[in-house]
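A quick write-up on the structure given underneath.
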Amino acid sequence: MATYGVISWLVPKTYSTTLDANLDGAVNSLLEKIGRVVPLESGKFFDEFRLNQNGVLVQLFDSSGNEIELPSQESSAFPVFVTGGLAVEGNDPAAYRATHSAIFRFAGSDEIYTLTVAGSAQEINLLKAAFGEIFLILLPVILLAAVLASLLYSRYVTGPVLRISAVSGRMSGLDFNWRCSEDRTDELGTLAHSLNEMSQRLSASMTDLKNANEKLRADIERERALEQAQLDFFSAASHELKTPVTVIRGQTEGMLFNIGDYRDRSKYLARSLEIINTMESMVQEILTVSRMKSSKAEPKKEAIRFSDMLKQEYALFEDLIVQKGIDWRESISPDLCVFGDKAMLQKAINNLVSNAVAYSPEDSAICLTACTEDGAVCLRLENTGVHIPDSELPRLFDAFYRVERSRNRKTGGSGLGLYIVKTILEQHQAEYQIGNTKRGVLFTIRFHT
């Protein structure tokens, strides 16, 4: 009905527009012809126009608005004014379509005339009447077809759809204790069969998922317990104790056997006590880092004389450096200052130097450089004679990870050294990276002030 309504409105309107366009073209052609002749010679053109345009109302007016009889081939005078009212062909204004008006001059005349042409609306009215008569016949047919189609659709389609929709609602509530009883062979029957299979599989999957969740929960708790046990163990027995213990052992043996300078026992006993105190501080610092990692606490920052801190590191490892014949080279700019937790930063530097000394081969070199670059304090520590596989570099900062997989304590520590360094540097918002160079391995730190 909507489609028919649009057609019955649009077709007459389109047809009327087409007729008006054609009439407008004919009027323009007439004006072009009569504009080239004198009034009495234009009669044949007016006669031809009225002959070709059936039912068209044509009127001619002078500049004063007086209606003039249209020139004809039989006219002997011009102008001849119309008397007794307008020369219209009907009293019904609806009998004509839109009026086309134009002004023009005859050849050799300065008088301005107005030509008015109105097209007949009879054809349009007949078309509208035809559509109206057809609609009266078509309306009952359309209504009957719509009612029958609606009944058929509701009984054959919407009923099963509503039942399947209700079943889907139960599925969304995780209720799988149902079964579709549709025996149809069309798409709805296929859908019902698919829903039955989906229900069975979802029910089985939910059971498996619950069992898997319980198992996963148990595994997570077990992993957490294992991780905590590892953290506690490695925090208590850090590989960082290895180097101080080695130094104390060497000094003690030297004093026992009265070797060289070690005969001065008071000196080396005091040094051993100092190292023992350092070991105790190291253990406490490792535990502090562990607590910081778990609690996300911010470190206490203060101004630190970074140059002095770096120069102190050589003294802590002097014996081991001399023992391995390592060439220690340092270039430290004076008066370098950073802000941070002094104990934690000292621990990080100690770990780096300890690793450099421990993993450098004999007769190699260690280069420590510290300076200011682009407003940041930059530290570079390079130990020569050793390289790390590129595939291992991204994992060096992982907790408990070691490049040497045998866990031999003669070739390395427990794997917490760089992890502790990473934790401390991240707490201080410092940039760090490690990579291979042509000579060895370079560790770089940038502290932004």
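Chains: A, B, ... in order of the structure tokens. Residues: from 1 per chain. Ligands: from 1, in order shown.
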Skip range 440-444 of chain A itself and residues of its chain fewer than 3 positions away, then list as a VMD selection string all residues within 8 Å of it, counting only C-alpha atoms.
-> chain A and resid 378 to 388 432 to 437
Excluding Thr372 in chain A and residues on its chain fewer than 2 positions from it, collect all residues at most 10 Å away from it, counting only C-alpha atoms, and give them as a list in words.
->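 Selected residues are Ile332, Ser333, Leu336, Cys337, Ala370, Asp374, Gly375, Ala376, Val377, Cys378, Leu379, Arg446, Phe447 and His448 of chain A.
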Limited to N, CA, C and O atoms, could you put the picked residues into a file as a PDB file, in the first residue's frame?
```
ATOM      1  N   ILE A 332      86.673   9.061  36.947  1.00  0.00           N
ATOM      2  CA  ILE A 332      85.508   9.551  37.687  1.00  0.00           C
ATOM      3  C   ILE A 332      85.602  11.072  37.802  1.00  0.00           C
ATOM      4  O   ILE A 332      86.570  11.606  38.368  1.00  0.00           O
ATOM      5  N   SER A 333      84.619  11.753  37.249  1.00  0.00           N
ATOM      6  CA  SER A 333      84.587  13.211  37.368  1.00  0.00           C
ATOM      7  C   SER A 333      84.354  13.580  38.832  1.00  0.00           C
ATOM      8  O   SER A 333      83.569  12.930  39.527  1.00  0.00           O
ATOM      9  N   LEU A 336      80.513  14.546  41.531  1.00  0.00           N
ATOM     10  CA  LEU A 336      79.257  14.042  40.980  1.00  0.00           C
ATOM     11  C   LEU A 336      78.276  13.814  42.124  1.00  0.00           C
ATOM     12  O   LEU A 336      78.639  13.273  43.177  1.00  0.00           O
ATOM     13  N   CYS A 337      77.027  14.200  41.901  1.00  0.00           N
ATOM     14  CA  CYS A 337      76.018  14.099  42.960  1.00  0.00           C
ATOM     15  C   CYS A 337      74.722  13.542  42.376  1.00  0.00           C
ATOM     16  O   CYS A 337      74.287  13.969  41.300  1.00  0.00           O
ATOM     17  N   ALA A 370      82.656   7.645  35.014  1.00  0.00           N
ATOM     18  CA  ALA A 370      81.496   8.379  35.527  1.00  0.00           C
ATOM     19  C   ALA A 370      81.668   9.853  35.174  1.00  0.00           C
ATOM     20  O   ALA A 370      82.727  10.438  35.418  1.00  0.00           O
ATOM     21  N   ASP A 374      74.506  15.654  29.217  1.00  0.00           N
ATOM     22  CA  ASP A 374      73.166  16.200  28.960  1.00  0.00           C
ATOM     23  C   ASP A 374      72.362  16.376  30.248  1.00  0.00           C
ATOM     24  O   ASP A 374      71.171  16.037  30.315  1.00  0.00           O
ATOM     25  N   GLY A 375      73.034  16.845  31.290  1.00  0.00           N
ATOM     26  CA  GLY A 375      72.344  17.097  32.546  1.00  0.00           C
ATOM     27  C   GLY A 375      72.090  15.872  33.383  1.00  0.00           C
ATOM     28  O   GLY A 375      71.420  15.950  34.413  1.00  0.00           O
ATOM     29  N   ALA A 376      72.598  14.707  32.975  1.00  0.00           N
ATOM     30  CA  ALA A 376      72.406  13.472  33.731  1.00  0.00           C
ATOM     31  C   ALA A 376      73.759  12.909  34.132  1.00  0.00           C
ATOM     32  O   ALA A 376      74.763  13.083  33.431  1.00  0.00           O
ATOM     33  N   VAL A 377      73.788  12.228  35.286  1.00  0.00           N
ATOM     34  CA  VAL A 377      74.997  11.544  35.739  1.00  0.00           C
ATOM     35  C   VAL A 377      75.032  10.177  35.085  1.00  0.00           C
ATOM     36  O   VAL A 377      74.109   9.370  35.248  1.00  0.00           O
ATOM     37  N   CYS A 378      76.099   9.933  34.332  1.00  0.00           N
ATOM     38  CA  CYS A 378      76.195   8.696  33.554  1.00  0.00           C
ATOM     39  C   CYS A 378      77.334   7.842  34.099  1.00  0.00           C
ATOM     40  O   CYS A 378      78.464   8.326  34.289  1.00  0.00           O
ATOM     41  N   LEU A 379      77.043   6.562  34.353  1.00  0.00           N
ATOM     42  CA  LEU A 379      78.039   5.603  34.832  1.00  0.00           C
ATOM     43  C   LEU A 379      78.166   4.485  33.807  1.00  0.00           C
ATOM     44  O   LEU A 379      77.159   3.907  33.377  1.00  0.00           O
ATOM     45  N   ARG A 446      72.039   5.848  33.805  1.00  0.00           N
ATOM     46  CA  ARG A 446      71.864   7.294  33.710  1.00  0.00           C
ATOM     47  C   ARG A 446      70.919   7.730  34.824  1.00  0.00           C
ATOM     48  O   ARG A 446      69.760   7.276  34.906  1.00  0.00           O
ATOM     49  N   PHE A 447      71.436   8.626  35.695  1.00  0.00           N
ATOM     50  CA  PHE A 447      70.623   9.204  36.763  1.00  0.00           C
ATOM     51  C   PHE A 447      70.223  10.615  36.339  1.00  0.00           C
ATOM     52  O   PHE A 447      71.089  11.475  36.116  1.00  0.00           O
ATOM     53  N   HIS A 448      68.915  10.858  36.212  1.00  0.00           N
ATOM     54  CA  HIS A 448      68.434  12.188  35.812  1.00  0.00           C
ATOM     55  C   HIS A 448      68.295  13.068  37.056  1.00  0.00           C
ATOM     56  O   HIS A 448      67.651  12.672  38.053  1.00  0.00           O
TER      57      HIS A 448
END
```
Run DSSP on the backbone of this structure and report the residues of range 298-331 of chain A it assigns to strand (DSSP E or B), as JSON, numbers by chain.
-> {"A": [302, 303, 304, 305, 327, 328, 329, 330, 331]}
Would you please work out which residue, of A:Val247, A:Leu40, A:Ile34, A:Leu136, is nearest to Ser72 in chain A when using only C-alpha atoms?
->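 Closest residue, counting only C-alpha atoms: A:Leu40.
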Once DSSP has gone over the backbone, tell me which residues of range 130-376 of chain A are in alpha helix (DSSP H), as a ChimeraX atom specification.
-> /A:130-153,159-172,187-236,242-256,265-295,306-316,318-324,342-359
Given only C-alpha atoms as the counted atoms, nearest of A:Thr243, A:Gln323, A:Gln73, A:Thr114 to Glu41 in chain A =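 Closest candidate: A:Gln73.
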For each of A:Thr252, A:Glu227, A:Ala204, A:Leu70, take the minimum atom-to-atom distance to Asp264 in chain A, counting only C-alpha atoms, then give the residue where this is smallest.
->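 Looking at the shortest contact to Asp264 in chain A, the residue is A:Thr252.
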Using only C-alpha atoms, which of A:Asp327, A:Asp62, A:Asp20, A:Glu48 sits nearest Arg97 in chain A?
->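 The shortest atom-to-atom distance to Arg97 in chain A comes from A:Asp20.
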